[in-house]
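Quick notes on the structure that follows.
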Amino acid sequence: MSKKSNEKSSKKMPLRTILIAVAIGAAAGFGAVYVNMGDDSNVAQTAITQSGKPGAPAKTGLAAYAKGAMTTFVARTKPQKLPEFTFVRDDGSETSLAEWRGKVVLLNLWATWCGPCRKEMPDLDRLKAELAGDDFDLVALSIDRTGLDKPRKFLEEIGIKNLKLYNNSSGKLAASLKAFGMPTTLLLNREGEEIGRLVGPAEWGSKDAVELIKAAIAENS
């Protein structure tokens, strides 16, 4: 009798260039679905690297700081330029991220109707107080379409002392930045390019967050 051999062919499947991560959170009856879509294979590869799967390459650069309270932070392997956009200050005057060129920036997109935003805002306030200076700043940008009044009242109600009020009421900013859930926080280098992002609420007042920001400052010195 002849032996039949069943040979299994192993083919490497191409890495998808779109990463979809879904997380469901609830706060004060608010439910949110966060979808993080990377538009290049670098973000997808980084996320897989950070997954901790057996055989995954060691974390390097900012990806090494995606741990603890910052576990869901996804670092880009190369900076990506953002579309140009403007927003207004508390007094209604117009500005843009060009005002922060030369600093590492944590850009937090939020809205008054976002329950998780309310929860993380005090931590962002403390982070700005601790680290903001010549090398770093935190820009909390409201996307409320009604303008400045509601966001101003929101910040006053929860006792925010250090964050300044900024607003973009176009209704288009979140989509242009591929921020499909609130809050979404982008980490930018000194040229205003995205070097990573975290989708959903996070403990920005934690030691892990401080270490991430300090590493970004050092990496972009």
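By convention here, the chains of the structure tokens are called A, B, ... in the order presented, each chain's residues are numbered starting at 1, and ligands are numbered starting at 1 in the order presented.
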
Exercise for the section: Write down as number ranges by chain the residues of region 85-115 of chain A whose backbone DSSP state falls under strand (DSSP E or B). Expected result: A: 86-89, 94-96, 104-110

Practice task
Identify, with DSSP run on backbone atoms, the residues in region 41-220 of chain A assigned to helix (DSSP H, G or I), and express the list as JSON, numbers by chain.
Solution key: {"A": [41, 42, 43, 44, 45, 46, 47, 48, 49, 61, 62, 63, 64, 65, 68, 69, 70, 97, 98, 99, 100, 115, 116, 117, 118, 119, 120, 121, 122, 123, 124, 125, 126, 127, 128, 129, 130, 131, 149, 150, 151, 152, 153, 154, 155, 156, 157, 173, 174, 175, 176, 207, 208, 209, 210, 211, 212, 213, 214, 215, 216, 217, 218, 219]}

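If you measure from each of A:Asp144, A:Asp137, A:Asp125, A:Glu99 to Trp204 (chain A) using only C-alpha atoms, the closest one turns out to be A:Asp125.
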